[in-house]
Structure formats: C-alpha cells, structure tokens
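Shown next: run.cif, containing mmCIF, C-alpha atoms.
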data_input
loop_
_atom_site.label_atom_id
_atom_site.label_comp_id
_atom_site.auth_asym_id
_atom_site.auth_seq_id
_atom_site.Cartn_x
_atom_site.Cartn_y
_atom_site.Cartn_z
CA MET T 9 -23.85 71.73 7.94
CA LYS T 10 -22.26 69.07 5.73
CA ALA T 11 -25.67 67.69 4.76
CA ALA T 12 -26.92 71.17 3.90
CA HIS T 13 -23.80 71.86 1.82
CA ALA T 14 -24.27 68.59 -0.08
CA HIS T 15 -27.95 69.40 -0.68
CA ASN T 16 -27.05 72.82 -2.08
CA ALA T 17 -24.36 71.31 -4.30
CA PHE T 18 -26.81 68.79 -5.76
CA LYS T 19 -29.37 71.55 -6.28
CA LEU T 20 -26.87 73.70 -8.14
CA GLU T 21 -25.83 70.70 -10.24
CA ASP T 22 -29.46 69.96 -11.12
CA GLU T 23 -30.01 73.59 -12.08
CA GLU T 24 -26.93 73.56 -14.28
CA VAL T 25 -28.06 70.37 -16.05
CA LYS T 26 -31.49 71.93 -16.60
CA ARG T 27 -29.93 75.12 -17.98
CA LEU T 28 -27.76 73.18 -20.42
CA LYS T 29 -30.70 71.03 -21.54
CA GLU T 30 -32.69 74.15 -22.35
CA ILE T 31 -29.82 75.59 -24.39
CA ALA T 32 -29.42 72.32 -26.30
CA LYS T 33 -33.15 72.31 -27.05
CA GLU T 34 -32.97 75.87 -28.38
CA LEU T 35 -29.97 75.03 -30.54
CA ARG T 36 -31.68 71.94 -31.97
CA VAL T 37 -34.41 74.26 -33.25
CA TRP T 38 -31.81 76.53 -34.83
CA ILE T 39 -30.15 73.54 -36.51
CA ILE T 40 -33.45 72.62 -38.12
CA ARG T 41 -34.15 76.21 -39.09
CA MET T 42 -30.77 76.87 -40.67
CA LEU T 43 -30.65 73.58 -42.59
CA THR T 44 -34.19 74.05 -43.90
CA GLU T 45 -33.31 77.57 -45.05
CA ALA T 46 -30.11 76.33 -46.69
CA GLY T 47 -31.79 73.38 -48.41
CA SER T 48 -28.67 71.29 -47.92
CA GLY T 49 -26.47 70.05 -45.11
CA HIS T 50 -26.30 67.36 -42.45
CA PRO T 51 -29.02 67.21 -39.80
CA GLY T 52 -28.37 63.69 -38.45
CA GLY T 53 -24.85 64.22 -37.17
CA SER T 54 -25.52 67.79 -36.06
CA LEU T 55 -28.39 66.72 -33.83
CA SER T 56 -26.41 63.79 -32.42
CA ALA T 57 -23.55 66.13 -31.46
CA ILE T 58 -25.36 69.14 -30.02
CA ASP T 59 -25.65 67.98 -26.39
CA ILE T 60 -21.89 67.51 -26.14
CA LEU T 61 -21.11 70.82 -27.85
CA THR T 62 -23.59 72.58 -25.59
CA VAL T 63 -21.78 71.32 -22.49
CA LEU T 64 -18.44 72.38 -23.94
CA TYR T 65 -19.39 75.89 -25.02
CA PHE T 66 -21.70 76.81 -22.14
CA HIS T 67 -19.97 75.09 -19.25
CA THR T 68 -16.48 73.74 -19.87
CA LEU T 69 -14.43 75.75 -22.36
CA ARG T 70 -12.43 78.79 -21.32
CA HIS T 71 -13.19 81.17 -24.18
CA HIS T 72 -14.02 84.82 -24.77
CA PRO T 73 -16.36 85.57 -27.71
CA ASN T 74 -15.24 89.22 -27.59
CA ASP T 75 -11.62 88.06 -27.91
CA PRO T 76 -11.61 84.95 -30.14
CA ASN T 77 -7.81 84.87 -30.25
CA TRP T 78 -7.26 85.04 -26.48
CA PRO T 79 -3.92 83.18 -26.24
CA VAL T 80 -4.78 80.87 -23.34
CA ARG T 81 -8.29 79.96 -24.47
CA ASP T 82 -9.26 76.31 -24.63
CA ARG T 83 -9.52 75.07 -28.20
CA PHE T 84 -12.23 72.99 -29.86
CA ILE T 85 -11.69 71.23 -33.19
CA LEU T 86 -14.70 69.76 -34.99
CA SER T 87 -13.00 67.01 -36.95
CA LYS T 88 -16.33 65.75 -38.38
CA GLY T 89 -16.72 69.02 -40.22
CA HIS T 90 -20.06 68.17 -41.83
CA GLY T 91 -21.63 68.52 -38.35
CA VAL T 92 -20.82 72.23 -38.42
CA PRO T 93 -24.42 73.46 -37.99
CA ALA T 94 -24.12 72.36 -34.35
CA LEU T 95 -20.87 74.29 -33.97
CA TYR T 96 -22.25 77.41 -35.66
CA ALA T 97 -25.29 77.33 -33.37
CA CYS T 98 -23.04 77.20 -30.29
CA LEU T 99 -20.79 79.99 -31.56
CA ALA T 100 -23.74 82.25 -32.35
CA LYS T 101 -25.42 81.58 -29.01
CA SER T 102 -22.09 82.31 -27.29
CA GLY T 103 -21.90 85.70 -29.01
CA TYR T 104 -19.27 85.24 -31.71
CA PHE T 105 -21.74 86.48 -34.33
CA PRO T 106 -25.50 87.26 -34.44
CA MET T 107 -27.97 84.37 -34.22
CA GLU T 108 -29.72 85.65 -37.37
CA ASP T 109 -26.56 84.94 -39.37
CA LEU T 110 -27.26 81.22 -38.91
CA LEU T 111 -29.97 81.53 -41.56
CA THR T 112 -27.30 82.41 -44.14
CA LEU T 113 -25.77 78.91 -43.86
CA ARG T 114 -24.26 77.68 -47.15
CA LYS T 115 -25.22 80.81 -49.09
CA ALA T 116 -22.52 82.01 -51.50
CA THR T 117 -22.02 85.34 -49.72
CA SER T 118 -22.09 83.90 -46.18
CA ILE T 119 -19.14 83.25 -43.91
CA LEU T 120 -21.00 80.15 -42.69
CA GLN T 121 -20.11 77.56 -45.27
CA GLY T 122 -20.97 73.85 -45.19
CA HIS T 123 -17.75 72.96 -43.41
CA PRO T 124 -15.81 75.06 -40.89
CA VAL T 125 -13.56 77.81 -42.27
CA ALA T 126 -11.16 79.20 -39.67
CA GLN T 127 -10.08 82.24 -41.65
CA THR T 128 -13.55 83.80 -41.84
CA VAL T 129 -15.64 82.56 -38.89
CA PRO T 130 -14.85 83.94 -35.42
CA GLY T 131 -14.37 81.10 -32.95
CA VAL T 132 -13.56 78.41 -35.53
CA GLU T 133 -10.09 77.11 -34.71
CA ALA T 134 -9.42 75.03 -37.83
CA SER T 135 -10.84 74.42 -41.29
CA THR T 136 -12.02 70.81 -41.35
CA GLY T 137 -14.11 68.52 -43.50
CA SER T 138 -11.53 66.24 -45.04
CA LEU T 139 -12.26 63.43 -42.63
CA GLY T 140 -9.50 62.16 -40.39
CA GLN T 141 -7.48 65.36 -40.23
CA GLY T 142 -9.06 67.24 -37.32
CA LEU T 143 -7.70 64.95 -34.63
CA SER T 144 -4.16 65.55 -35.89
CA ILE T 145 -4.75 69.30 -35.70
CA ALA T 146 -6.07 68.96 -32.15
CA GLN T 147 -3.06 66.86 -31.21
CA GLY T 148 -0.69 69.49 -32.58
CA LEU T 149 -2.39 72.23 -30.58
CA ALA T 150 -2.28 70.15 -27.39
CA LEU T 151 1.42 69.43 -27.90
CA ALA T 152 2.10 73.12 -28.54
CA SER T 153 0.37 74.01 -25.28
CA LYS T 154 2.55 71.58 -23.35
CA MET T 155 5.72 72.81 -25.03
CA ASP T 156 4.82 76.49 -24.50
CA GLY T 157 3.62 76.01 -20.94
CA THR T 158 0.35 77.80 -21.72
CA HIS T 159 -1.76 75.06 -20.12
CA TYR T 160 -4.87 75.33 -22.24
CA ARG T 161 -6.92 72.25 -23.02
CA VAL T 162 -7.84 71.04 -26.47
CA PHE T 163 -11.16 69.35 -27.13
CA SER T 164 -12.11 67.63 -30.35
CA MET T 165 -15.02 65.71 -31.77
CA ILE T 166 -14.56 62.95 -34.30
CA GLY T 167 -17.20 60.90 -36.08
CA ASP T 168 -17.60 57.14 -36.12
CA GLY T 169 -17.44 56.87 -39.90
CA GLU T 170 -14.43 59.17 -39.75
CA THR T 171 -12.76 56.74 -37.34
CA GLN T 172 -12.34 54.37 -40.26
CA GLU T 173 -9.68 56.75 -41.61
CA GLY T 174 -6.07 55.71 -41.09
CA GLN T 175 -4.95 59.18 -40.03
CA ILE T 176 -7.16 58.89 -36.93
CA TRP T 177 -5.10 55.93 -35.76
CA GLU T 178 -1.79 57.63 -36.54
CA ALA T 179 -2.90 60.49 -34.29
CA ALA T 180 -4.07 57.99 -31.69
CA MET T 181 -0.62 56.46 -31.58
CA SER T 182 1.34 59.71 -31.47
CA ALA T 183 -0.90 61.53 -28.96
CA ALA T 184 -0.25 58.74 -26.49
CA LYS T 185 3.49 58.92 -27.20
CA TRP T 186 3.49 62.58 -26.18
CA GLN T 187 1.30 61.90 -23.11
CA LEU T 188 -1.15 64.65 -24.02
CA GLU T 189 -3.39 64.70 -20.96
CA ASN T 190 -4.67 68.10 -22.14
CA LEU T 191 -6.29 66.47 -25.20
CA ILE T 192 -9.92 65.39 -24.70
CA VAL T 193 -11.68 63.77 -27.64
CA PHE T 194 -15.35 62.91 -28.01
CA LEU T 195 -16.31 60.23 -30.51
CA ASP T 196 -19.86 60.89 -31.71
CA TYR T 197 -20.87 57.24 -31.98
CA ASN T 198 -24.25 57.54 -33.70
CA LYS T 199 -23.65 54.30 -35.60
CA GLY T 200 -24.44 55.69 -39.06
CA GLN T 201 -22.54 57.14 -42.00
CA ILE T 202 -23.62 58.29 -45.43
CA ASP T 203 -23.39 54.81 -47.00
CA GLY T 204 -25.17 52.92 -44.23
CA PRO T 205 -24.70 51.53 -40.72
CA VAL T 206 -21.10 51.85 -39.52
CA LYS T 207 -21.13 48.21 -38.45
CA GLU T 208 -21.82 47.12 -42.03
CA ILE T 209 -19.48 49.56 -43.80
CA MET T 210 -16.43 48.94 -41.58
CA ASP T 211 -17.11 47.72 -38.06
CA LEU T 212 -15.16 49.63 -35.40
CA GLU T 213 -15.69 47.24 -32.52
CA PRO T 214 -14.21 46.51 -30.06
CA LEU T 215 -13.86 50.29 -30.08
CA ALA T 216 -13.07 51.02 -26.43
CA SER T 217 -10.48 48.25 -26.33
CA LYS T 218 -8.76 49.62 -29.41
CA TRP T 219 -8.34 53.11 -27.94
CA ALA T 220 -7.19 51.63 -24.64
CA ALA T 221 -4.63 49.54 -26.53
CA PHE T 222 -3.25 52.79 -27.97
CA ASN T 223 -2.74 53.88 -24.34
CA TRP T 224 -5.58 56.36 -24.10
CA ASP T 225 -7.77 56.90 -21.06
CA VAL T 226 -11.16 55.66 -22.28
CA GLN T 227 -14.71 56.26 -21.09
CA GLU T 228 -18.04 55.25 -22.61
CA ILE T 229 -21.12 57.36 -21.92
CA ASP T 230 -24.60 58.23 -23.11
CA GLY T 231 -23.84 61.23 -25.32
CA HIS T 232 -27.25 62.77 -24.68
CA ASP T 233 -27.09 62.64 -20.90
CA ILE T 234 -25.87 66.08 -19.84
CA LYS T 235 -24.90 64.92 -16.35
CA LYS T 236 -22.81 62.05 -17.73
CA ILE T 237 -21.09 64.37 -20.21
CA LEU T 238 -20.20 66.75 -17.38
CA ASP T 239 -18.93 63.90 -15.18
CA ALA T 240 -16.83 62.43 -17.98
CA ILE T 241 -15.09 65.75 -18.63
CA GLU T 242 -14.46 66.24 -14.93
CA ARG T 243 -12.95 62.74 -14.65
CA THR T 244 -10.33 63.58 -17.28
CA ARG T 245 -8.75 66.08 -14.90
CA ALA T 246 -7.77 63.28 -12.54
CA ILE T 247 -6.00 61.07 -15.13
CA PRO T 248 -2.46 62.33 -15.89
CA GLY T 249 -0.12 61.29 -18.66
CA LYS T 250 -2.70 60.07 -21.19
CA PRO T 251 -4.92 61.62 -23.85
CA HIS T 252 -8.62 61.08 -23.20
CA MET T 253 -11.19 59.36 -25.41
CA ILE T 254 -14.86 59.71 -24.47
CA ILE T 255 -16.93 57.37 -26.62
CA ALA T 256 -20.34 59.00 -26.65
CA HIS T 257 -23.16 56.70 -27.69
CA THR T 258 -25.58 58.96 -29.55
CA ILE T 259 -28.59 58.79 -31.84
CA LYS T 260 -28.45 60.21 -35.33
CA GLY T 261 -31.13 62.88 -35.64
CA LYS T 262 -31.74 62.95 -31.88
CA GLY T 263 -34.82 64.94 -30.89
CA VAL T 264 -36.81 64.48 -34.10
CA SER T 265 -38.77 61.24 -34.20
CA PHE T 266 -38.77 60.78 -37.97
CA MET T 267 -35.00 61.40 -38.16
CA GLU T 268 -33.78 59.37 -35.18
CA GLY T 269 -31.55 56.51 -36.22
CA LYS T 270 -32.36 56.97 -39.91
CA ILE T 271 -29.34 56.88 -42.23
CA GLU T 272 -31.15 58.89 -44.92
CA TRP T 273 -31.06 61.95 -42.65
CA HIS T 274 -27.27 61.97 -42.67
CA GLY T 275 -27.24 64.52 -45.48
CA LYS T 276 -30.88 65.30 -46.33
CA THR T 277 -32.60 68.44 -45.13
CA PRO T 278 -36.27 68.70 -44.11
CA THR T 279 -38.95 70.39 -46.15
CA LYS T 280 -40.65 73.39 -44.58
CA GLU T 281 -43.53 71.17 -43.51
CA GLU T 282 -41.17 68.59 -42.00
CA ALA T 283 -39.26 71.38 -40.25
CA GLU T 284 -42.43 72.66 -38.62
CA ILE T 285 -43.18 69.17 -37.29
CA ALA T 286 -39.57 68.76 -36.09
CA ILE T 287 -39.55 72.11 -34.28
CA ARG T 288 -42.86 71.37 -32.56
CA GLU T 289 -41.45 68.02 -31.37
CA ILE T 290 -38.24 69.58 -30.07
CA GLU T 291 -39.99 72.45 -28.29
CA GLY T 292 -42.51 70.10 -26.72
CA SER T 293 -39.96 67.54 -25.58
CA ALA T 294 -38.29 67.07 -22.23
CA ILE T 295 -34.83 66.44 -23.72
#
Target encoding structure tokens, full file:
Amino acid sequence: MKAAHAHNAFKLEDEEVKRLKEIAKELRVWIIRMLTEAGSGHPGGSLSAIDILTVLYFHTLRHHPNDPNWPVRDRFILSKGHGVPALYACLAKSGYFPMEDLLTLRKATSILQGHPVAQTVPGVEASTGSLGQGLSIAQGLALASKMDGTHYRVFSMIGDGETQEGQIWEAAMSAAKWQLENLIVFLDYNKGQIDGPVKEIMDLEPLASKWAAFNWDVQEIDGHDIKKILDAIERTRAIPGKPHMIIAHTIKGKGVSFMEGKIEWHGKTPTKEEAEIAIREIEGSAI
C-alpha cells in the first residue's frame, strides 16, 4: 500500500509540473503578443520571470480573483516593475480581467501601463517601478501580517540589477531583524541589466553568502525548473524565524532562441515577423 501511495503521489506531482509548464508556455506567447502590439516594453526580464510567477499564481498563492481584496489573501509584490507583462499575463489567466485586455498594454486609455499600478489593476498589490522599493513594501506587508495575526504570506520578486540598489540591503537587514518567516523573495538572476552584464556593471557575488550574512534563509535554484521552484517554496515552510531568499538562476529572454541571454532584449520589443518566429518556437518547445 505504501508503494502504491508513493507511486500515486509522484504521478500527481508529475501531472502538476506538466500542467504548470503548459500554462507558462501559454503565457510566454501572450508576453510576446502584448509587447509586439504595444511596440515597447521589456521582453527579456518578463520571459525570465514567467516560470516562477506561474508557479505562484497557479499553485502556491491563496488568492481569489473574484475578491481581489480578500483580507487573508497571500500577497505578491513585483519589485522589478518593468517585468510587469509577466504579472499581467498571470492575472489575466487567473481571471482578474479578460485575456484580451493584455493587448491594450501601454496604450494611453488602458489600465495596463508599463509598470504596475495598484489603484487601477485588480490583483496588483503595489505600484512599483522605482527599483529597490518593492522589497520594502513586501517587508511592511509581512510585518503587518505578523502584528495582526492574519497569517498570510508575502511573496516578492526582485531583479539582479535592482539588487545593486541600497534600499534592497536596508530591507534585507530589517526583515531579518523582525524574523519575517512569512516573507519569501525570489531574485530573478538573469545576469543582465539595461546597461550590460550585471557582473560588469556592479558584480553581486558572492550573492548567496551576502544574503546569508544578513541572516536570511537562502536557496539557489534553476528558475526555469518547475519542480525545483515548487520544492524551494515548500522548503520555506520548515524554516522558522527567518525571511527567505530564493536565488533563481534564469535566462533573459528564456524560450526564444534569438532573445536568450541577449542584453539588447532587455527593453526592445520584437517586430511582427520576429514575434511570429518567437511564438512558433515557444509553441513547438518542450519547456
């Protein structure tokens, strides 16, 4: 009986990983579509982040799209606000607003602007884009949850270029002081920022050691491996008294061969012809 139970558990886990991979693939296509329609935006960091956001929105977060202000919902703060196409895709797929609205990205009359706006977009918890600030917002929410006894968890994603900001390290120090075990942060470590490779602009290494020195629980994972993302989140539940940093090694432009690892795709959108090639690659891939 135990062997059969274990077999069924592994089968369910495999099915869940497959389901999440399929959602991530679909949302990659939407990212390309919306950015091509907009003619501006950030494909590289949106595609590097989408696997993590897919796991959060379609597996981990407690949230109700029909009640965006549900008091005990888990919160997600996208600190690297320029990666918002990935967030919008997840919100639309979850049911916060129609998928077709994604094609209004960055238009003057649209609620979907180039960085998250909490006041107008259902499901967006905080307006971000000024790099370095989102982690502080996430920390404040996590502390409020502990003080109120509401027991929701707060997830955030920061960028690697953003991690060069001093405010990130102020939040790192204070989150540990308040022992915010309900704060789980993903660092989208795609190694590139608008001016070039992160290592050349301002090297972050030894990155894991730095976060550990600030008294965070630290993990390093492949940020495109759905199973490892799931396992890393689950592990955070067993570590009390510390905020959690999950350093996710990712690839800028993941899923599109001519974008992968290319700095120029940080903030350049594809032409219609390039978009067609990208969508064919994504749909035909086994990601």
Would you write out, as JSON lines, a table of all residues in stretch 222-269 of chain T that have an atom no more than 12 Å from an atom of stretch 128-148 of chain T, listing for each the closest atom pair and the distance in Å to one decimal, considering all atoms listed in the file and ordering rows by chain and rising residue number?
{"residue": "T:Pro251", "atom": "CA", "partner": "T:Gln147", "partner_atom": "CA", "distance": 9.2}
{"residue": "T:His252", "atom": "CA", "partner": "T:Gln147", "partner_atom": "CA", "distance": 11.3}
{"residue": "T:Met253", "atom": "CA", "partner": "T:Leu143", "partner_atom": "CA", "distance": 11.3}
Find the residues of stretch 33-87 of chain T that sit at most 12 Å from stretch 175-197 of chain T; for each, write down the nearest two atoms and how far apart they are in Å, to one decimal. Count all atoms listed in the file. Sort by chain, then by number going up, and give it as a Markdown table.
| residue | atom | partner | partner_atom | distance |
| --- | --- | --- | --- | --- |
| T:Gly52 | CA | T:Asp196 | CA | 11.2 |
| T:Gly53 | CA | T:Asp196 | CA | 8.1 |
| T:Ser54 | CA | T:Asp196 | CA | 9.9 |
| T:Leu55 | CA | T:Asp196 | CA | 10.5 |
| T:Ser56 | CA | T:Asp196 | CA | 7.2 |
| T:Ala57 | CA | T:Asp196 | CA | 6.4 |
| T:Ile58 | CA | T:Asp196 | CA | 10.1 |
| T:Asp59 | CA | T:Asp196 | CA | 10.6 |
| T:Ile60 | CA | T:Phe194 | CA | 8.2 |
| T:Leu61 | CA | T:Phe194 | CA | 9.8 |
| T:Val63 | CA | T:Phe194 | CA | 11.9 |
| T:Leu64 | CA | T:Phe194 | CA | 10.8 |
| T:Thr68 | CA | T:Ile192 | CA | 11.7 |
| T:Leu69 | CA | T:Ile192 | CA | 11.5 |
| T:Asp82 | CA | T:Asn190 | CA | 9.7 |
| T:Arg83 | CA | T:Leu191 | CA | 9.7 |
| T:Phe84 | CA | T:Ile192 | CA | 9.5 |
| T:Ile85 | CA | T:Val193 | CA | 9.3 |
| T:Leu86 | CA | T:Phe194 | CA | 9.8 |
| T:Ser87 | CA | T:Leu195 | CA | 9.9 |
Would you export the selected residues with C-alpha atoms as an mmCIF file, in the coordinates of the input, please?
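Output file again_26.cif is given in full below:
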data_model
loop_
_atom_site.group_PDB
_atom_site.id
_atom_site.type_symbol
_atom_site.label_atom_id
_atom_site.label_comp_id
_atom_site.auth_asym_id
_atom_site.auth_seq_id
_atom_site.Cartn_x
_atom_site.Cartn_y
_atom_site.Cartn_z
ATOM 1 C CA GLY T 52 -28.370 63.690 -38.450
ATOM 2 C CA GLY T 53 -24.850 64.220 -37.170
ATOM 3 C CA SER T 54 -25.520 67.790 -36.060
ATOM 4 C CA LEU T 55 -28.390 66.720 -33.830
ATOM 5 C CA SER T 56 -26.410 63.790 -32.420
ATOM 6 C CA ALA T 57 -23.550 66.130 -31.460
ATOM 7 C CA ILE T 58 -25.360 69.140 -30.020
ATOM 8 C CA ASP T 59 -25.650 67.980 -26.390
ATOM 9 C CA ILE T 60 -21.890 67.510 -26.140
ATOM 10 C CA LEU T 61 -21.110 70.820 -27.850
ATOM 11 C CA VAL T 63 -21.780 71.320 -22.490
ATOM 12 C CA LEU T 64 -18.440 72.380 -23.940
ATOM 13 C CA THR T 68 -16.480 73.740 -19.870
ATOM 14 C CA LEU T 69 -14.430 75.750 -22.360
ATOM 15 C CA ASP T 82 -9.260 76.310 -24.630
ATOM 16 C CA ARG T 83 -9.520 75.070 -28.200
ATOM 17 C CA PHE T 84 -12.230 72.990 -29.860
ATOM 18 C CA ILE T 85 -11.690 71.230 -33.190
ATOM 19 C CA LEU T 86 -14.700 69.760 -34.990
ATOM 20 C CA SER T 87 -13.000 67.010 -36.950
#
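Note that the spacing between atom CA of T:Ala220 and atom CA of T:Ala150 amounts to 19.4 Å.
Atom to atom, atom CA of T:Leu151 and atom CA of T:Val80 stand 13.8 Å apart.
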**Study point:** Nearest residue to T:Gly91 from the set T:Gly275, T:Gly200, T:Gly269, T:Pro214 (distances using all atoms listed in the file)
**Key:** T:Gly275
Point to revise | Residue members of the PyMOL selection byres ((chain T and resi 23-38) around 6) in the file shown, as a PyMOL selection string | key: chain T and resi 20-22+39-42+59+62+97+287
Review point. Hey, can you check how far atom CA of T:Lys260 sits from atom CA of T:Leu110?
Key: 21.3 Å
Listing only residues of stretch 249-273 of chain T within 12 Å of stretch 223-245 of chain T, what is the closest atom pair and its distance in Å (to one decimal) for each, using all atoms listed in the file, sorted by chain and residue number ascending, as a Markdown table?
| residue | atom | partner | partner_atom | distance |
| --- | --- | --- | --- | --- |
| T:Gly249 | CA | T:Asp225 | CA | 9.1 |
| T:Lys250 | CA | T:Trp224 | CA | 5.5 |
| T:Pro251 | CA | T:Trp224 | CA | 5.3 |
| T:His252 | CA | T:Asp225 | CA | 4.8 |
| T:Met253 | CA | T:Val226 | CA | 4.8 |
| T:Ile254 | CA | T:Gln227 | CA | 4.8 |
| T:Ile255 | CA | T:Glu228 | CA | 4.7 |
| T:Ala256 | CA | T:Gly231 | CA | 4.4 |
| T:His257 | CA | T:Asp230 | CA | 5.0 |
| T:Thr258 | CA | T:Gly231 | CA | 5.1 |
| T:Ile259 | CA | T:His232 | CA | 8.3 |
| T:Lys260 | CA | T:His232 | CA | 11.0 |
| T:Gly261 | CA | T:His232 | CA | 11.6 |
| T:Lys262 | CA | T:His232 | CA | 8.5 |
| T:Gly263 | CA | T:His232 | CA | 10.0 |
Exercise for review: Check what the PyMOL selection byres ((chain T and resi 212) around 9) selects in the file above and give those residues as number ranges by chain.
Suggested key: T: 168-169, 171-172, 206-207, 210-211, 213-215, 218
Taking the partial coordinates given, rebuild stretch 210-240 of chain T to contain N, CA and C atoms; return it as a short mmCIF file (atom, residue, chain, number, x, y, z; two decimals), in the coordinates of the input.
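Result file is part39.cif:
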data_model
loop_
_atom_site.label_atom_id
_atom_site.label_comp_id
_atom_site.auth_asym_id
_atom_site.auth_seq_id
_atom_site.Cartn_x
_atom_site.Cartn_y
_atom_site.Cartn_z
N MET T 210 -17.73 49.37 -42.12
CA MET T 210 -16.43 48.94 -41.58
C MET T 210 -16.57 48.98 -40.06
N ASP T 211 -16.81 47.81 -39.48
CA ASP T 211 -17.11 47.72 -38.06
C ASP T 211 -15.92 48.22 -37.23
N LEU T 212 -16.21 49.05 -36.24
CA LEU T 212 -15.16 49.63 -35.40
C LEU T 212 -14.90 48.82 -34.13
N GLU T 213 -15.81 47.96 -33.79
CA GLU T 213 -15.69 47.24 -32.52
C GLU T 213 -14.56 46.20 -32.56
N PRO T 214 -13.96 45.94 -31.39
CA PRO T 214 -14.21 46.51 -30.06
C PRO T 214 -13.56 47.87 -29.92
N LEU T 215 -14.36 48.93 -29.96
CA LEU T 215 -13.86 50.29 -30.08
C LEU T 215 -13.11 50.77 -28.84
N ALA T 216 -13.72 50.57 -27.67
CA ALA T 216 -13.07 51.02 -26.43
C ALA T 216 -11.74 50.31 -26.23
N SER T 217 -11.71 49.02 -26.51
CA SER T 217 -10.48 48.25 -26.33
C SER T 217 -9.38 48.73 -27.26
N LYS T 218 -9.76 49.14 -28.46
CA LYS T 218 -8.76 49.62 -29.41
C LYS T 218 -8.11 50.91 -28.91
N TRP T 219 -8.91 51.86 -28.44
CA TRP T 219 -8.34 53.11 -27.94
C TRP T 219 -7.50 52.85 -26.68
N ALA T 220 -7.96 51.96 -25.84
CA ALA T 220 -7.19 51.63 -24.64
C ALA T 220 -5.85 51.00 -25.02
N ALA T 221 -5.86 50.18 -26.09
CA ALA T 221 -4.63 49.54 -26.53
C ALA T 221 -3.62 50.56 -27.06
N PHE T 222 -4.13 51.71 -27.53
CA PHE T 222 -3.25 52.79 -27.97
C PHE T 222 -2.81 53.66 -26.79
N ASN T 223 -3.16 53.24 -25.59
CA ASN T 223 -2.74 53.88 -24.34
C ASN T 223 -3.46 55.20 -24.08
N TRP T 224 -4.73 55.23 -24.45
CA TRP T 224 -5.58 56.36 -24.10
C TRP T 224 -6.40 56.02 -22.87
N ASP T 225 -6.74 57.04 -22.09
CA ASP T 225 -7.77 56.90 -21.06
C ASP T 225 -9.11 56.88 -21.76
N VAL T 226 -9.93 55.86 -21.52
CA VAL T 226 -11.16 55.66 -22.28
C VAL T 226 -12.38 55.62 -21.36
N GLN T 227 -13.41 56.34 -21.75
CA GLN T 227 -14.71 56.26 -21.09
C GLN T 227 -15.78 56.03 -22.14
N GLU T 228 -16.87 55.37 -21.74
CA GLU T 228 -18.04 55.25 -22.61
C GLU T 228 -19.24 55.83 -21.87
N ILE T 229 -19.99 56.70 -22.56
CA ILE T 229 -21.12 57.36 -21.92
C ILE T 229 -22.30 57.46 -22.88
N ASP T 230 -23.44 57.83 -22.33
CA ASP T 230 -24.60 58.23 -23.11
C ASP T 230 -24.36 59.68 -23.53
N GLY T 231 -24.18 59.91 -24.82
CA GLY T 231 -23.84 61.23 -25.32
C GLY T 231 -24.97 62.23 -25.32
N HIS T 232 -26.14 61.83 -24.83
CA HIS T 232 -27.25 62.77 -24.68
C HIS T 232 -27.60 63.03 -23.23
N ASP T 233 -26.86 62.44 -22.32
CA ASP T 233 -27.09 62.64 -20.90
C ASP T 233 -26.14 63.73 -20.41
N ILE T 234 -26.69 64.92 -20.19
CA ILE T 234 -25.87 66.08 -19.84
C ILE T 234 -25.02 65.81 -18.61
N LYS T 235 -25.62 65.20 -17.60
CA LYS T 235 -24.90 64.92 -16.35
C LYS T 235 -23.71 64.00 -16.61
N LYS T 236 -23.90 62.99 -17.45
CA LYS T 236 -22.81 62.05 -17.73
C LYS T 236 -21.71 62.71 -18.56
N ILE T 237 -22.10 63.63 -19.44
CA ILE T 237 -21.09 64.37 -20.21
C ILE T 237 -20.24 65.22 -19.27
N LEU T 238 -20.90 65.92 -18.36
CA LEU T 238 -20.20 66.75 -17.38
C LEU T 238 -19.25 65.90 -16.52
N ASP T 239 -19.74 64.78 -16.04
CA ASP T 239 -18.93 63.90 -15.18
C ASP T 239 -17.72 63.35 -15.94
N ALA T 240 -17.93 63.00 -17.20
CA ALA T 240 -16.83 62.43 -17.98
C ALA T 240 -15.72 63.45 -18.18
#
